[in-house]
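For reference, final_16.cif is printed below; it contains mmCIF, C-alpha atoms; chains and numbers go by the auth columns.
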data_start
loop_
_atom_site.group_PDB
_atom_site.id
_atom_site.type_symbol
_atom_site.label_atom_id
_atom_site.label_comp_id
_atom_site.label_asym_id
_atom_site.label_seq_id
_atom_site.Cartn_x
_atom_site.Cartn_y
_atom_site.Cartn_z
_atom_site.B_iso_or_equiv
_atom_site.auth_seq_id
_atom_site.auth_asym_id
ATOM 1 C CA MET A 1 7.893 23.499 1.038 0.00 1 A
ATOM 2 C CA SER A 2 5.233 23.219 3.725 0.00 2 A
ATOM 3 C CA SER A 3 6.084 22.946 7.416 0.00 3 A
ATOM 4 C CA TYR A 4 4.433 20.542 9.847 0.00 4 A
ATOM 5 C CA LYS A 5 4.215 20.590 13.628 0.00 5 A
ATOM 6 C CA LEU A 6 2.718 17.568 15.368 0.00 6 A
ATOM 7 C CA THR A 7 1.660 18.133 18.965 0.00 7 A
ATOM 8 C CA TYR A 8 0.995 15.183 21.248 0.00 8 A
ATOM 9 C CA PHE A 9 1.954 13.927 24.689 0.00 9 A
ATOM 10 C CA ASN A 10 5.384 12.467 25.366 0.00 10 A
ATOM 11 C CA GLY A 11 4.317 8.962 24.421 0.00 11 A
ATOM 12 C CA ARG A 12 3.304 6.894 21.421 0.00 12 A
ATOM 13 C CA GLY A 13 -0.455 6.482 21.808 0.00 13 A
ATOM 14 C CA ARG A 14 -2.593 8.371 19.318 0.00 14 A
ATOM 15 C CA GLY A 15 0.299 10.463 18.027 0.00 15 A
ATOM 16 C CA GLU A 16 2.457 7.600 16.823 0.00 16 A
ATOM 17 C CA PRO A 17 0.624 6.710 13.584 0.00 17 A
ATOM 18 C CA ALA A 18 1.468 10.143 12.162 0.00 18 A
ATOM 19 C CA ARG A 19 5.075 9.883 13.359 0.00 19 A
ATOM 20 C CA LEU A 20 5.456 6.488 11.664 0.00 20 A
ATOM 21 C CA LEU A 21 3.987 7.837 8.436 0.00 21 A
ATOM 22 C CA PHE A 22 6.177 10.935 8.487 0.00 22 A
ATOM 23 C CA ALA A 23 9.139 8.572 8.922 0.00 23 A
ATOM 24 C CA ALA A 24 8.015 6.257 6.123 0.00 24 A
ATOM 25 C CA GLY A 25 7.657 9.180 3.740 0.00 25 A
ATOM 26 C CA GLY A 26 10.916 10.844 4.768 0.00 26 A
ATOM 27 C CA ILE A 27 8.956 14.021 5.560 0.00 27 A
ATOM 28 C CA GLN A 28 10.459 16.558 7.934 0.00 28 A
ATOM 29 C CA TYR A 29 8.267 17.768 10.804 0.00 29 A
ATOM 30 C CA GLU A 30 8.450 19.153 14.319 0.00 30 A
ATOM 31 C CA ASP A 31 7.671 16.495 16.922 0.00 31 A
ATOM 32 C CA HIS A 32 6.308 18.689 19.726 0.00 32 A
ATOM 33 C CA ARG A 33 5.858 16.588 22.873 0.00 33 A
ATOM 34 C CA VAL A 34 3.737 17.872 25.739 0.00 34 A
ATOM 35 C CA GLU A 35 4.230 16.764 29.326 0.00 35 A
ATOM 36 C CA PHE A 36 1.072 16.135 31.349 0.00 36 A
ATOM 37 C CA ALA A 37 1.999 18.989 33.701 0.00 37 A
ATOM 38 C CA GLU A 38 1.710 21.386 30.747 0.00 38 A
ATOM 39 C CA TRP A 39 -1.593 20.065 29.438 0.00 39 A
ATOM 40 C CA GLN A 40 -4.119 22.091 31.433 0.00 40 A
ATOM 41 C CA ALA A 41 -2.542 25.347 30.308 0.00 41 A
ATOM 42 C CA LEU A 42 -2.355 24.176 26.684 0.00 42 A
ATOM 43 C CA LYS A 43 -5.801 22.554 26.434 0.00 43 A
ATOM 44 C CA PRO A 44 -7.856 25.770 25.931 0.00 44 A
ATOM 45 C CA LYS A 45 -5.532 26.745 23.074 0.00 45 A
ATOM 46 C CA THR A 46 -6.070 23.530 21.114 0.00 46 A
ATOM 47 C CA GLN A 47 -8.539 23.209 18.273 0.00 47 A
ATOM 48 C CA LEU A 48 -10.838 20.589 19.814 0.00 48 A
ATOM 49 C CA GLY A 49 -9.614 20.359 23.384 0.00 49 A
ATOM 50 C CA TYR A 50 -7.555 17.214 22.912 0.00 50 A
ATOM 51 C CA LEU A 51 -4.501 15.833 21.110 0.00 51 A
ATOM 52 C CA PRO A 52 -2.959 14.984 18.667 0.00 52 A
ATOM 53 C CA MET A 53 -2.996 18.155 16.622 0.00 53 A
ATOM 54 C CA LEU A 54 -1.127 18.935 13.407 0.00 54 A
ATOM 55 C CA GLU A 55 -0.292 22.493 12.371 0.00 55 A
ATOM 56 C CA VAL A 56 0.464 23.058 8.684 0.00 56 A
ATOM 57 C CA ASP A 57 2.499 26.116 7.701 0.00 57 A
ATOM 58 C CA GLY A 58 1.599 27.663 11.047 0.00 58 A
ATOM 59 C CA THR A 59 -1.812 28.660 9.703 0.00 59 A
ATOM 60 C CA THR A 60 -3.980 25.544 9.398 0.00 60 A
ATOM 61 C CA THR A 61 -4.704 23.010 12.131 0.00 61 A
ATOM 62 C CA ILE A 62 -5.945 19.439 11.789 0.00 62 A
ATOM 63 C CA SER A 63 -7.129 17.358 14.739 0.00 63 A
ATOM 64 C CA GLU A 64 -8.229 13.724 15.172 0.00 64 A
ATOM 65 C CA THR A 65 -5.780 10.836 14.985 0.00 65 A
ATOM 66 C CA LEU A 66 -7.000 9.251 11.769 0.00 66 A
ATOM 67 C CA ALA A 67 -7.595 12.527 9.929 0.00 67 A
ATOM 68 C CA ILE A 68 -3.990 13.476 10.638 0.00 68 A
ATOM 69 C CA ALA A 69 -2.677 10.024 9.738 0.00 69 A
ATOM 70 C CA ARG A 70 -4.621 9.969 6.470 0.00 70 A
ATOM 71 C CA PHE A 71 -3.337 13.436 5.571 0.00 71 A
ATOM 72 C CA VAL A 72 0.282 12.452 6.249 0.00 72 A
ATOM 73 C CA ALA A 73 -0.242 9.204 4.340 0.00 73 A
ATOM 74 C CA LYS A 74 -1.362 11.243 1.318 0.00 74 A
ATOM 75 C CA LEU A 75 1.771 13.366 1.581 0.00 75 A
ATOM 76 C CA ALA A 76 3.825 10.167 1.694 0.00 76 A
ATOM 77 C CA GLY A 77 1.959 8.536 -1.195 0.00 77 A
ATOM 78 C CA MET A 78 0.654 5.771 1.067 0.00 78 A
ATOM 79 C CA VAL A 79 -3.142 5.917 0.741 0.00 79 A
ATOM 80 C CA GLY A 80 -3.390 3.579 -2.268 0.00 80 A
ATOM 81 C CA LYS A 81 -2.951 4.021 -5.993 0.00 81 A
ATOM 82 C CA THR A 82 -6.631 4.192 -6.956 0.00 82 A
ATOM 83 C CA PRO A 83 -9.893 5.318 -5.298 0.00 83 A
ATOM 84 C CA LEU A 84 -10.720 1.642 -4.751 0.00 84 A
ATOM 85 C CA ASP A 85 -7.340 1.086 -3.083 0.00 85 A
ATOM 86 C CA GLU A 86 -8.006 4.079 -0.846 0.00 86 A
ATOM 87 C CA ALA A 87 -11.396 2.689 0.154 0.00 87 A
ATOM 88 C CA ARG A 88 -9.873 -0.700 0.968 0.00 88 A
ATOM 89 C CA ALA A 89 -7.169 0.921 3.097 0.00 89 A
ATOM 90 C CA ASP A 90 -9.814 2.980 4.915 0.00 90 A
ATOM 91 C CA MET A 91 -11.820 -0.201 5.539 0.00 91 A
ATOM 92 C CA VAL A 92 -8.847 -1.942 7.153 0.00 92 A
ATOM 93 C CA VAL A 93 -8.103 1.105 9.290 0.00 93 A
ATOM 94 C CA ASP A 94 -11.731 1.161 10.468 0.00 94 A
ATOM 95 C CA VAL A 95 -11.538 -2.514 11.471 0.00 95 A
ATOM 96 C CA VAL A 96 -8.313 -1.924 13.392 0.00 96 A
ATOM 97 C CA LYS A 97 -9.673 1.220 15.046 0.00 97 A
ATOM 98 C CA ALA A 98 -12.755 -0.646 16.292 0.00 98 A
ATOM 99 C CA LEU A 99 -10.403 -3.145 17.918 0.00 99 A
ATOM 100 C CA PHE A 100 -8.248 -0.356 19.351 0.00 100 A
ATOM 101 C CA ASP A 101 -11.294 1.372 20.852 0.00 101 A
ATOM 102 C CA LYS A 102 -12.224 -1.786 22.749 0.00 102 A
ATOM 103 C CA ILE A 103 -8.680 -2.058 24.081 0.00 103 A
ATOM 104 C CA VAL A 104 -8.828 1.549 25.288 0.00 104 A
ATOM 105 C CA THR A 105 -12.179 0.885 26.995 0.00 105 A
ATOM 106 C CA LEU A 106 -10.664 -2.102 28.784 0.00 106 A
ATOM 107 C CA HIS A 107 -7.579 -0.150 29.818 0.00 107 A
ATOM 108 C CA PHE A 108 -9.536 2.679 31.441 0.00 108 A
ATOM 109 C CA GLU A 109 -12.254 0.566 33.099 0.00 109 A
ATOM 110 C CA LYS A 110 -11.978 1.085 36.864 0.00 110 A
ATOM 111 C CA ASP A 111 -14.541 -1.495 37.999 0.00 111 A
ATOM 112 C CA GLU A 112 -12.524 -4.700 38.359 0.00 112 A
ATOM 113 C CA THR A 113 -15.555 -6.953 37.864 0.00 113 A
ATOM 114 C CA LYS A 114 -16.484 -5.196 34.633 0.00 114 A
ATOM 115 C CA LYS A 115 -12.840 -5.249 33.582 0.00 115 A
ATOM 116 C CA VAL A 116 -12.639 -9.034 33.882 0.00 116 A
ATOM 117 C CA GLY A 117 -15.755 -9.375 31.723 0.00 117 A
ATOM 118 C CA LEU A 118 -14.454 -6.941 29.111 0.00 118 A
ATOM 119 C CA GLN A 119 -11.102 -8.732 28.987 0.00 119 A
ATOM 120 C CA LYS A 120 -12.775 -12.109 28.513 0.00 120 A
ATOM 121 C CA GLU A 121 -14.970 -10.744 25.702 0.00 121 A
ATOM 122 C CA LEU A 122 -12.006 -9.042 24.024 0.00 122 A
ATOM 123 C CA PHE A 123 -9.544 -11.919 24.034 0.00 123 A
ATOM 124 C CA GLU A 124 -11.956 -14.813 23.569 0.00 124 A
ATOM 125 C CA LYS A 125 -14.314 -13.305 20.974 0.00 125 A
ATOM 126 C CA THR A 126 -13.512 -9.852 19.593 0.00 126 A
ATOM 127 C CA MET A 127 -9.771 -10.277 19.063 0.00 127 A
ATOM 128 C CA PRO A 128 -9.880 -13.689 17.326 0.00 128 A
ATOM 129 C CA THR A 129 -12.707 -12.529 15.051 0.00 129 A
ATOM 130 C CA SER A 130 -11.021 -9.247 14.107 0.00 130 A
ATOM 131 C CA LEU A 131 -7.593 -10.777 13.599 0.00 131 A
ATOM 132 C CA GLY A 132 -9.097 -13.628 11.593 0.00 132 A
ATOM 133 C CA ASN A 133 -10.811 -11.140 9.297 0.00 133 A
ATOM 134 C CA LEU A 134 -7.642 -9.075 8.944 0.00 134 A
ATOM 135 C CA GLU A 135 -5.610 -12.203 8.191 0.00 135 A
ATOM 136 C CA LYS A 136 -7.924 -12.855 5.229 0.00 136 A
ATOM 137 C CA LEU A 137 -7.684 -9.244 4.076 0.00 137 A
ATOM 138 C CA ALA A 138 -3.867 -9.264 4.085 0.00 138 A
ATOM 139 C CA SER A 139 -2.072 -10.760 1.105 0.00 139 A
ATOM 140 C CA ALA A 140 0.407 -13.624 1.292 0.00 140 A
ATOM 141 C CA GLU A 141 3.078 -10.981 0.599 0.00 141 A
ATOM 142 C CA GLY A 142 2.055 -9.020 3.688 0.00 142 A
ATOM 143 C CA TYR A 143 0.093 -6.054 2.355 0.00 143 A
ATOM 144 C CA PHE A 144 -3.513 -5.057 2.896 0.00 144 A
ATOM 145 C CA VAL A 145 -3.686 -3.135 -0.380 0.00 145 A
ATOM 146 C CA GLY A 146 -1.796 -3.885 -3.573 0.00 146 A
ATOM 147 C CA ASN A 147 1.870 -4.786 -3.332 0.00 147 A
ATOM 148 C CA SER A 148 3.303 -1.902 -1.333 0.00 148 A
ATOM 149 C CA LEU A 149 2.889 -0.284 2.073 0.00 149 A
ATOM 150 C CA THR A 150 -0.151 1.851 2.777 0.00 150 A
ATOM 151 C CA TRP A 151 -1.238 3.613 5.914 0.00 151 A
ATOM 152 C CA ALA A 152 -3.467 0.596 6.658 0.00 152 A
ATOM 153 C CA ASP A 153 -0.373 -1.575 7.154 0.00 153 A
ATOM 154 C CA VAL A 154 1.271 1.086 9.305 0.00 154 A
ATOM 155 C CA TYR A 155 -1.797 1.636 11.485 0.00 155 A
ATOM 156 C CA PHE A 156 -2.231 -2.111 11.977 0.00 156 A
ATOM 157 C CA TYR A 157 1.414 -2.375 13.017 0.00 157 A
ATOM 158 C CA HIS A 158 1.059 0.509 15.473 0.00 158 A
ATOM 159 C CA VAL A 159 -1.989 -0.908 17.251 0.00 159 A
ATOM 160 C CA THR A 160 -0.714 -4.486 17.452 0.00 160 A
ATOM 161 C CA ASP A 161 2.714 -3.255 18.570 0.00 161 A
ATOM 162 C CA MET A 162 1.070 -1.709 21.630 0.00 162 A
ATOM 163 C CA ILE A 163 -0.863 -4.908 22.379 0.00 163 A
ATOM 164 C CA THR A 164 2.057 -7.300 21.906 0.00 164 A
ATOM 165 C CA ALA A 165 4.029 -5.397 24.527 0.00 165 A
ATOM 166 C CA ASN A 166 1.812 -7.249 27.050 0.00 166 A
ATOM 167 C CA TYR A 167 0.631 -10.145 24.880 0.00 167 A
ATOM 168 C CA PRO A 168 3.658 -11.229 22.807 0.00 168 A
ATOM 169 C CA ASP A 169 1.905 -14.263 21.299 0.00 169 A
ATOM 170 C CA LEU A 170 -0.976 -12.228 19.896 0.00 170 A
ATOM 171 C CA LEU A 171 -0.095 -12.809 16.220 0.00 171 A
ATOM 172 C CA LYS A 172 1.597 -16.205 16.453 0.00 172 A
ATOM 173 C CA ASP A 173 -1.110 -17.978 14.424 0.00 173 A
ATOM 174 C CA TYR A 174 -1.472 -15.316 11.720 0.00 174 A
ATOM 175 C CA VAL A 175 1.034 -15.811 8.900 0.00 175 A
ATOM 176 C CA ASN A 176 -0.063 -12.932 6.688 0.00 176 A
ATOM 177 C CA LEU A 177 -0.355 -10.459 9.558 0.00 177 A
ATOM 178 C CA ASN A 178 3.158 -11.266 10.703 0.00 178 A
ATOM 179 C CA LYS A 179 4.325 -10.477 7.179 0.00 179 A
ATOM 180 C CA VAL A 180 2.506 -7.123 7.361 0.00 180 A
ATOM 181 C CA VAL A 181 4.395 -6.330 10.563 0.00 181 A
ATOM 182 C CA GLY A 182 7.675 -7.373 8.959 0.00 182 A
ATOM 183 C CA ASN A 183 7.079 -5.193 5.910 0.00 183 A
ATOM 184 C CA VAL A 184 6.309 -2.155 8.039 0.00 184 A
ATOM 185 C CA LYS A 185 9.342 -2.624 10.273 0.00 185 A
ATOM 186 C CA SER A 186 11.639 -3.098 7.287 0.00 186 A
ATOM 187 C CA ASN A 187 10.654 0.184 5.638 0.00 187 A
ATOM 188 C CA PRO A 188 13.922 2.188 5.823 0.00 188 A
ATOM 189 C CA GLY A 189 12.356 5.324 7.283 0.00 189 A
ATOM 190 C CA ILE A 190 10.324 3.431 9.848 0.00 190 A
ATOM 191 C CA ALA A 191 13.249 1.179 10.778 0.00 191 A
ATOM 192 C CA LYS A 192 15.331 4.274 11.482 0.00 192 A
ATOM 193 C CA TRP A 193 12.529 5.841 13.546 0.00 193 A
ATOM 194 C CA LEU A 194 11.998 2.680 15.600 0.00 194 A
ATOM 195 C CA LYS A 195 15.682 2.624 16.415 0.00 195 A
ATOM 196 C CA GLU A 196 15.906 6.311 17.339 0.00 196 A
ATOM 197 C CA ARG A 197 12.512 7.233 18.825 0.00 197 A
ATOM 198 C CA PRO A 198 12.452 8.226 22.492 0.00 198 A
ATOM 199 C CA GLU A 199 11.735 5.602 25.130 0.00 199 A
ATOM 200 C CA THR A 200 8.422 6.543 26.728 0.00 200 A
ATOM 201 C CA PRO A 201 6.088 5.001 29.325 0.00 201 A
ATOM 202 C CA PHE A 202 3.283 4.527 26.771 0.00 202 A
#

Rendering of file as structure tokens:
Amino acid sequence: MSSYKLTYFNGRGRGEPARLLFAAGGIQYEDHRVEFAEWQALKPKTQLGYLPMLEVDGTTTISETLAIARFVAKLAGMVGKTPLDEARADMVVDVVKALFDKIVTLHFEKDETKKVGLQKELFEKTMPTSLGNLEKLASAEGYFVGNSLTWADVYFYHVTDMITANYPDLLKDYVNLNKVVGNVKSNPGIAKWLKERPETPF
């Protein structure tokens, strides 16, 4: 049996998709959390100079959030049942990631004038368009692909979970997307992880 060590900061952020997928698949792994005070010493030893990073059997390293998440999803049998399913799941993840990237840009913008403009663009144009498209892509049963959870559902849940912490009404008008969230949260492994995961500032 292979061993897995996920290294990320002591927060959810870009490391949480893999944690959720490990939980959904019931796959054992080491959840190595790095404090910011340790980062400068660790950074030169990482594969690409940033986190998350997944070590497999202590010999192979994978970096990049989505590459890691996709790999874990394959281990968990959550990439889709056919090549077409896999492509559809990848498409949804790409849509959600584009939205996430804009949120990150807004979060780290230091110029308050620019920040106001970015926020207006995000919540008045980008967000409604993206969520409207995703609502159409999700089924009435609450799945983006087929009739069971894939990593697309899990990644969507992760990103919107971070947003709804500050904007709780984000999904109030999206019936199918709320069902996606419900399906993810009701997965036994994920439900257990959500109950037990550490409380962190991000």

Residue among A:Met127, A:Met53, A:Leu42, A:Ala87 lying closest to Tyr167 (chain A), counting all atoms listed in the file:
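Of A:Met127, A:Met53, A:Leu42, A:Ala87, the one nearest Tyr167 (chain A) is A:Met127, counting all atoms listed in the file.
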
Report the residues retrieved by the PyMOL selection byres ((chain A and resi 172-177) around 12) from the displayed file, expressed as a PyMOL selection string.
chain A and resi 128+130-144+152-154+156-157+160-161+164+167-171+178-184

Selection result for the PyMOL selection byres ((chain A and resi 8) around 9) on this file, as a list in words
Leu6, Thr7, Phe9, Asn10, Gly11, Arg12, Gly13, Arg14, Gly15, Glu16, Asp31, His32, Arg33, Val34, Glu35, Tyr50, Leu51, Pro52, Met53 and Leu54 of chain A

Residues of the last selection are to be written out with C-alpha atoms, as a PDB file, in the coordinates of the input.
ATOM      1  CA  LEU A   6       2.718  17.568  15.368  1.00  0.00           C
ATOM      2  CA  THR A   7       1.660  18.133  18.965  1.00  0.00           C
ATOM      3  CA  PHE A   9       1.954  13.927  24.689  1.00  0.00           C
ATOM      4  CA  ASN A  10       5.384  12.467  25.366  1.00  0.00           C
ATOM      5  CA  GLY A  11       4.317   8.962  24.421  1.00  0.00           C
ATOM      6  CA  ARG A  12       3.304   6.894  21.421  1.00  0.00           C
ATOM      7  CA  GLY A  13      -0.455   6.482  21.808  1.00  0.00           C
ATOM      8  CA  ARG A  14      -2.593   8.371  19.318  1.00  0.00           C
ATOM      9  CA  GLY A  15       0.299  10.463  18.027  1.00  0.00           C
ATOM     10  CA  GLU A  16       2.457   7.600  16.823  1.00  0.00           C
ATOM     11  CA  ASP A  31       7.671  16.495  16.922  1.00  0.00           C
ATOM     12  CA  HIS A  32       6.308  18.689  19.726  1.00  0.00           C
ATOM     13  CA  ARG A  33       5.858  16.588  22.873  1.00  0.00           C
ATOM     14  CA  VAL A  34       3.737  17.872  25.739  1.00  0.00           C
ATOM     15  CA  GLU A  35       4.230  16.764  29.326  1.00  0.00           C
ATOM     16  CA  TYR A  50      -7.555  17.214  22.912  1.00  0.00           C
ATOM     17  CA  LEU A  51      -4.501  15.833  21.110  1.00  0.00           C
ATOM     18  CA  PRO A  52      -2.959  14.984  18.667  1.00  0.00           C
ATOM     19  CA  MET A  53      -2.996  18.155  16.622  1.00  0.00           C
ATOM     20  CA  LEU A  54      -1.127  18.935  13.407  1.00  0.00           C
TER      21      LEU A  54
END

Return the single residue from A:Val95, A:Pro17, A:Gln40, A:Pro188 that is closest to Ala67 (chain A), with distances computed using only C-alpha atoms.
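When distances to Ala67 (chain A) are compared using only C-alpha atoms, the smallest one comes from A:Pro17.
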
Which is closest to Ile68 (chain A) among A:Val104, A:Met91, A:Val145, A:Leu20, if we use all atoms listed in the file?
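Among the listed residues, the smallest separation from Ile68 (chain A) belongs to A:Leu20.
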
Gln119 (chain A) surroundings by all atoms listed in the file, 10 Å radius, close-in-sequence under 5 positions cut, as a short mmCIF file (atom, residue, chain, number, x, y, z; two decimals) with C-alpha atoms, in the frame of the given file:
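Output file out_14.cif is given in full below:
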data_model
loop_
_atom_site.label_atom_id
_atom_site.label_comp_id
_atom_site.auth_asym_id
_atom_site.auth_seq_id
_atom_site.Cartn_x
_atom_site.Cartn_y
_atom_site.Cartn_z
CA LYS A 102 -12.22 -1.79 22.75
CA ILE A 103 -8.68 -2.06 24.08
CA THR A 105 -12.18 0.88 27.00
CA LEU A 106 -10.66 -2.10 28.78
CA HIS A 107 -7.58 -0.15 29.82
CA LYS A 114 -16.48 -5.20 34.63
CA GLU A 124 -11.96 -14.81 23.57
CA LYS A 125 -14.31 -13.30 20.97
CA THR A 126 -13.51 -9.85 19.59
#

Write out as lines of an AutoDock Vina configuration file an axis-aligned box for region 36-41 of chain A: all of its atoms listed in the file, 6 Å added on each side, centre and edge lengths in Å with one decimal.
center_x = -1.1
center_y = 20.7
center_z = 31.6
size_x = 18.1
size_y = 21.2
size_z = 16.3

If you apply the PyMOL selection byres ((chain A and resi 195-201) around 10) to this file, what residues do you get, as a list in words?
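Taken on the displayed file, the PyMOL selection byres ((chain A and resi 195-201) around 10) yields the residues Asn10, Gly11, Arg12, Arg19, Ile190, Ala191, Lys192, Trp193, Leu194 and Phe202 of chain A.
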
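All protein and nucleic acid residues in the vicinity of (-5.8, 27.0, 20.1), that is within 12 Å when counting only C-alpha atoms, are A:Thr7, A:Ala41, A:Leu42, A:Lys43, A:Pro44, A:Lys45, A:Thr46, A:Gln47, A:Leu48, A:Gly49, A:Tyr50, A:Leu51, A:Met53, A:Leu54, A:Glu55, A:Gly58, A:Thr59, A:Thr60, A:Thr61, A:Ile62, A:Ser63.
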
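Minimum atom-to-atom distances from A:Ala24, A:Ala73, A:Leu118, A:Met162 to Glu86 (chain A) were compared using all atoms listed in the file, and the lowest value belongs to A:Ala73.
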
Selected residue of minimal separation from Thr129 (chain A) among A:Ala165, A:Ala18, A:Ala76, A:Ala98, counting all atoms listed in the file:
A:Ala98

Separation of CA of Lys5 (chain A) from CA of Glu38 (chain A) in Å:
17.3 Å

Your completed region 72-90 of chain A with N, CA and C atoms, as a compact mmCIF listing (two decimals), keeping the file's coordinate frame:
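What follows is the written file out-v7.txt:
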# COMPACT_ATOMS: atom_id res chain seq x y z
N VAL A 72 -1.16 12.72 6.38
CA VAL A 72 0.28 12.45 6.25
C VAL A 72 0.52 11.31 5.26
N ALA A 73 -0.37 10.31 5.29
CA ALA A 73 -0.24 9.20 4.34
C ALA A 73 -0.36 9.70 2.90
N LYS A 74 -1.24 10.67 2.67
CA LYS A 74 -1.36 11.24 1.32
C LYS A 74 -0.08 11.96 0.93
N LEU A 75 0.50 12.69 1.85
CA LEU A 75 1.77 13.37 1.58
C LEU A 75 2.86 12.35 1.22
N ALA A 76 2.80 11.20 1.89
CA ALA A 76 3.82 10.17 1.69
C ALA A 76 3.51 9.23 0.54
N GLY A 77 2.35 9.41 -0.10
CA GLY A 77 1.96 8.54 -1.20
C GLY A 77 1.59 7.15 -0.72
N MET A 78 0.93 7.07 0.45
CA MET A 78 0.65 5.77 1.07
C MET A 78 -0.83 5.55 1.36
N VAL A 79 -1.71 6.14 0.54
CA VAL A 79 -3.14 5.92 0.74
C VAL A 79 -3.70 4.89 -0.25
N GLY A 80 -2.92 4.48 -1.22
CA GLY A 80 -3.39 3.58 -2.27
C GLY A 80 -3.28 4.26 -3.62
N LYS A 81 -3.20 3.47 -4.66
CA LYS A 81 -2.95 4.02 -5.99
C LYS A 81 -4.22 4.41 -6.74
N THR A 82 -5.36 3.89 -6.30
CA THR A 82 -6.63 4.19 -6.96
C THR A 82 -7.68 4.50 -5.89
N PRO A 83 -8.82 5.10 -6.28
CA PRO A 83 -9.89 5.32 -5.30
C PRO A 83 -10.34 4.03 -4.61
N LEU A 84 -10.34 2.92 -5.34
CA LEU A 84 -10.72 1.64 -4.75
C LEU A 84 -9.68 1.19 -3.72
N ASP A 85 -8.41 1.38 -4.05
CA ASP A 85 -7.34 1.09 -3.08
C ASP A 85 -7.52 1.92 -1.81
N GLU A 86 -7.82 3.19 -1.99
CA GLU A 86 -8.01 4.08 -0.85
C GLU A 86 -9.16 3.59 0.03
N ALA A 87 -10.24 3.17 -0.60
CA ALA A 87 -11.40 2.69 0.15
C ALA A 87 -11.05 1.41 0.92
N ARG A 88 -10.28 0.54 0.30
CA ARG A 88 -9.87 -0.70 0.97
C ARG A 88 -8.96 -0.40 2.17
N ALA A 89 -8.04 0.53 1.99
CA ALA A 89 -7.17 0.92 3.10
C ALA A 89 -7.99 1.52 4.23
N ASP A 90 -8.94 2.38 3.89
CA ASP A 90 -9.81 2.98 4.92
C ASP A 90 -10.59 1.90 5.66
